[in-house]
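A.B. asks: Please find one structure pasted underneath; my questions will follow.
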Amino acid sequence: MENFRKAFSSLTRRCCFSSDYTHSEPVELEGKSSLDITSSQIPPQPIQVPLVYLHLKIIVIESEKLPLGKTYNISPIGLNNSERTSYGDGCVYAGSLYQENNRIVNDMILPQNEKGVGKRHFMIQYKAEPKSMYLIKDLGDGMGTFVRISKPLPLQTNFIISFGDSHMIVVIDNSYPPKLTLRFIDGPKLDEKFKFSQNDSPIVIGRMNDCAIRFDDNSLSRYHCIITYKDRWIIQDGDGNKISTNGTWLFVEEFFEIHNEMIFKVGETTFRTETFTAKC
C-alpha cells in the first residue's frame with residue numbers, strides 16, 4: 001500500500017470548475033495550501049436548481065467509524081445543509097478536515113482516526129451538460145478513492161486497477177491492434193510487467209493454475225477478473241458469469257460518472273449510491 005501511496009501522490013490534482021471534466025487544467029499548488037479555495041473555483045452566481053433534477057444519495061454500507069446507514073443527500077447545488085457554502089457551488093468535498101484558516105473546507109466530514117482518510121480526500125461535482133450527472137474524483141490526499149467495477153469497463157492508459165493487496169497500472173500502446181501492458185505498483189507482484197496482444201484475449205486474473213496472471217491470495221476469487229479485446233481492451237469483474245467476492249476496483253484519478261447502485265470505498269468505509277429524479 002505504501003508503494004501505491006507513492007504512485008498516486010504524484011498524480012495531477014485538478015480543481016472543481018472546468019470546461020471539460022475529462023481534460024481539466026492542473027491547479028497550481030506551489031506556495032499555497034492544497035486546500036485553498038480560489039475565486040476561480042467559485043461561480044459568480046448561485047446555481048439554480050431546475051424544477052425536475054437528478055438527486056444523489058450516498059449511503060454508508062460498511063465502516064469502522066461511521067454509522068451504517070448514514071445518508072448524504074446531494075442536489076445540483078451541493079450537499080443538503082452543507083456548512084461549507086450557503087448558496088451551493090455544484091461541488092461536494094469530503095475529507096477529515098473540518099476547517100482551515102477559519103474557512104470550512106469539506107461538506108462531508110470523514111473520521112480523522114480512520115486509516116487511509118485524507119484531509120480533503122475526494123470530491124463530487126454536478127454537470128448539467130451533455131446530460132445531468134454527478135462525477136466523482138480522488139483529490140490525491142489519503143489512500144485513494146476506488147469505484148467497484150460492476151459492468152464491463154473500457155480500459156485507458158494510466159488507469160489503476162486494484163484487487164486484494166495488488167494495484168496495477170494499465171498501458172495501451174498506439175499500435176493496431178493495440179498491445180496491453182499491466183505493471184504492478186503494489187502487492188506480491190510489485191514491479192512485474194505482463195504484456196499481451198489481442199491473441200492473448202481473454203486474459204484471466206485469479207488463483208487458478210490456468211490464469212494468465214496467477215496469485216496465491218485467498219482474498220481473490222478463483223477467477224477474479226477478466227480482460228478481453230473487442231475492438232478495445234475491456235475489463236470485467238469475475239469470470240464473465242459470476243462476480244468476484246471482494247471486487248475489482250478502479251482508482252478514480254479522473255472524474256468518473258456516478259451511476260445508480262454504484263459502490264465506492266474511501267479508507268475503511270464503503271458507500272453505495274442512489275440516483276433518481278426529484279422535484280423541487
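Following the order of the C-alpha cells, chains are lettered A, B, ..., residues in each are numbered from 1, and ligands are numbered from 1.
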Do a neighbour search on Thr270 of chain A at 6 Å with only C-alpha atoms, toss out local chain neighbours closer than 3 positions, and write the hits as a PyMOL selection string.
C.D. replies: chain A and resi 61-62+264-265
A.B. asks: Restricting the output to N, CA and C atoms, write the selected residues as an mmCIF file, in the first residue's frame.
C.D. replies:
```
data_model
loop_
_atom_site.group_PDB
_atom_site.id
_atom_site.type_symbol
_atom_site.label_atom_id
_atom_site.label_comp_id
_atom_site.auth_asym_id
_atom_site.auth_seq_id
_atom_site.Cartn_x
_atom_site.Cartn_y
_atom_site.Cartn_z
ATOM 1 N N ILE A 61 -22.428 1.803 3.841
ATOM 2 C CA ILE A 61 -22.861 0.402 3.950
ATOM 3 C C ILE A 61 -21.848 -0.451 4.707
ATOM 4 N N GLU A 62 -20.638 0.075 4.907
ATOM 5 C CA GLU A 62 -19.625 -0.654 5.671
ATOM 6 C C GLU A 62 -18.619 0.360 6.188
ATOM 7 N N PHE A 264 -18.446 2.527 -3.864
ATOM 8 C CA PHE A 264 -17.083 3.057 -3.833
ATOM 9 C C PHE A 264 -16.570 3.060 -2.401
ATOM 10 N N LYS A 265 -15.251 3.043 -2.255
ATOM 11 C CA LYS A 265 -14.676 2.972 -0.914
ATOM 12 C C LYS A 265 -13.602 4.036 -0.727
#
```
A.B. asks: Would you pick out the contacts of Ser201 of chain A at 7 Å or less, using only C-alpha atoms, so that residues sharing its chain but fewer than 2 positions from it are not included, and give the list as a CSV table (one decimal) with N, CA and C atoms, in the first residue's frame?
C.D. replies:
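Result file follows (part10.csv):
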```
chain,number,residue,atom,x,y,z
A,198,GLN,N,-3.9,-9.0,-28.8
A,198,GLN,CA,-5.3,-9.4,-28.9
A,198,GLN,C,-5.4,-10.9,-28.9
A,199,ASN,N,-4.3,-11.6,-29.4
A,199,ASN,CA,-4.4,-13.1,-29.5
A,199,ASN,C,-4.4,-13.7,-28.1
A,203,ILE,N,-7.8,-12.6,-21.0
A,203,ILE,CA,-6.8,-12.6,-20.0
A,203,ILE,C,-7.4,-12.7,-18.7
A,227,ILE,N,-10.0,-9.8,-18.7
A,227,ILE,CA,-9.7,-8.7,-19.7
A,227,ILE,C,-9.9,-9.3,-21.1
A,228,THR,N,-10.7,-8.7,-21.9
A,228,THR,CA,-10.9,-9.2,-23.2
A,228,THR,C,-10.6,-8.0,-24.2
A,229,TYR,N,-10.3,-8.5,-25.5
A,229,TYR,CA,-10.2,-7.5,-26.6
A,229,TYR,C,-11.3,-7.6,-27.6
```
A.B. asks: Please identify all polymer residues within 9 Å of Met108 of chain A, counting only C-alpha atoms, omitting same-chain residues fewer than 3 positions from it, and present them as a ChimeraX atom specification.
C.D. replies: /A:72,79,82,92-96,98
A.B. asks: Identify which of the residues A:Val105, A:Ile243, A:Ile185, A:Leu68 lies closest to Ser150 of chain A, counting only C-alpha atoms when measuring atom-to-atom distances.
C.D. replies: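 Checking each candidate against Ser150 of chain A, we get A:Ile243 as the closest.
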A.B. asks: Would you please work out which residue, of A:Cys280, A:Ile172, A:Val60, A:Leu54, is nearest to Ser132 of chain A when using only C-alpha atoms?
C.D. replies: A:Leu54
A.B. asks: Please provide as a ChimeraX atom specification all residues within 8 Å of Gly116 of chain A, with the sequence filter that same-chain residues fewer than 5 positions apart are discarded (counting only C-alpha atoms).
C.D. replies: /A:142-144,266-268
A.B. asks: Counting only C-alpha atoms, figure out which residue out of A:Gly238, A:Pro130, A:Pro76, A:Pro67 gets nearest to Asp89 of chain A.
C.D. replies: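 Using only C-alpha atoms, Asp89 of chain A sits closest to A:Pro76.
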A.B. asks: Give me the residues within 8 Å of Leu153 of chain A as a ChimeraX atom specification, counting only C-alpha atoms and dropping any in the same chain fewer than 5 places off.
C.D. replies: /A:234-236
A.B. asks: Those same residues - C-alpha atoms - I'd like them written as a compact mmCIF listing (two decimals), in the first residue's frame.
C.D. replies:
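Generated file (again-v5.txt):
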```txt
# COMPACT_ATOMS: atom_id res chain seq x y z
CA ILE A 234 -12.21 -4.18 -21.63
CA ILE A 235 -12.03 -5.35 -18.01
CA GLN A 236 -14.84 -7.13 -16.20
```
A.B. asks: Can you build me a table of segment 249-268 of chain A residues sitting at most 10 Å from segment 156-160 of chain A, with the closest atom pair per residue and its distance in Å to one decimal, using only C-alpha atoms, sorted by chain and residue number, as JSON lines?
C.D. replies:
```
{"residue": "A:Trp249", "atom": "CA", "partner": "A:Ile160", "partner_atom": "CA", "distance": 8.4}
{"residue": "A:Leu250", "atom": "CA", "partner": "A:Ile160", "partner_atom": "CA", "distance": 6.0}
{"residue": "A:Phe251", "atom": "CA", "partner": "A:Ile160", "partner_atom": "CA", "distance": 5.5}
{"residue": "A:Val252", "atom": "CA", "partner": "A:Ile160", "partner_atom": "CA", "distance": 8.1}
{"residue": "A:Glu253", "atom": "CA", "partner": "A:Phe159", "partner_atom": "CA", "distance": 8.1}
{"residue": "A:Glu254", "atom": "CA", "partner": "A:Phe159", "partner_atom": "CA", "distance": 9.2}
```
A.B. asks: Using DSSP on the backbone coordinates, identify the residues of segment 23-232 of chain A assigned to strand (DSSP E or B); present them as a PyMOL selection string.
C.D. replies: chain A and resi 26+52-62+71-75+78-79+91-95+99-100+103-104+108-109+117+122-127+133-138+142+145-148+153-154+160-163+166-172+180-186+193-196+203-206+213-214+223-229
A.B. asks: Looking at A:Lys115, A:Arg207, A:Lys131, A:Lys279, which one is nearest to Arg222 of chain A, with distances taken over only C-alpha atoms?
C.D. replies: A:Arg207
A.B. asks: Between A:His259, A:His167, A:Lys230, A:Lys70, which is the closest to Leu190 of chain A once you count only C-alpha atoms?
C.D. replies: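 Nearest to Leu190 of chain A: A:His167.
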A.B. asks: Find the residues around Lys179 of chain A up to 7 Å (only C-alpha atoms counted), leave out those fewer than 6 positions away in its own chain, and share them as a ChimeraX atom specification.
C.D. replies: /A:172-173,196-197
A.B. asks: Measuring between only C-alpha atoms, which one of A:Ser162, A:Ser75, A:Thr248, A:Thr277 shows the shortest distance to Gln48 of chain A?
C.D. replies: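 Nearest to Gln48 of chain A: A:Ser75.
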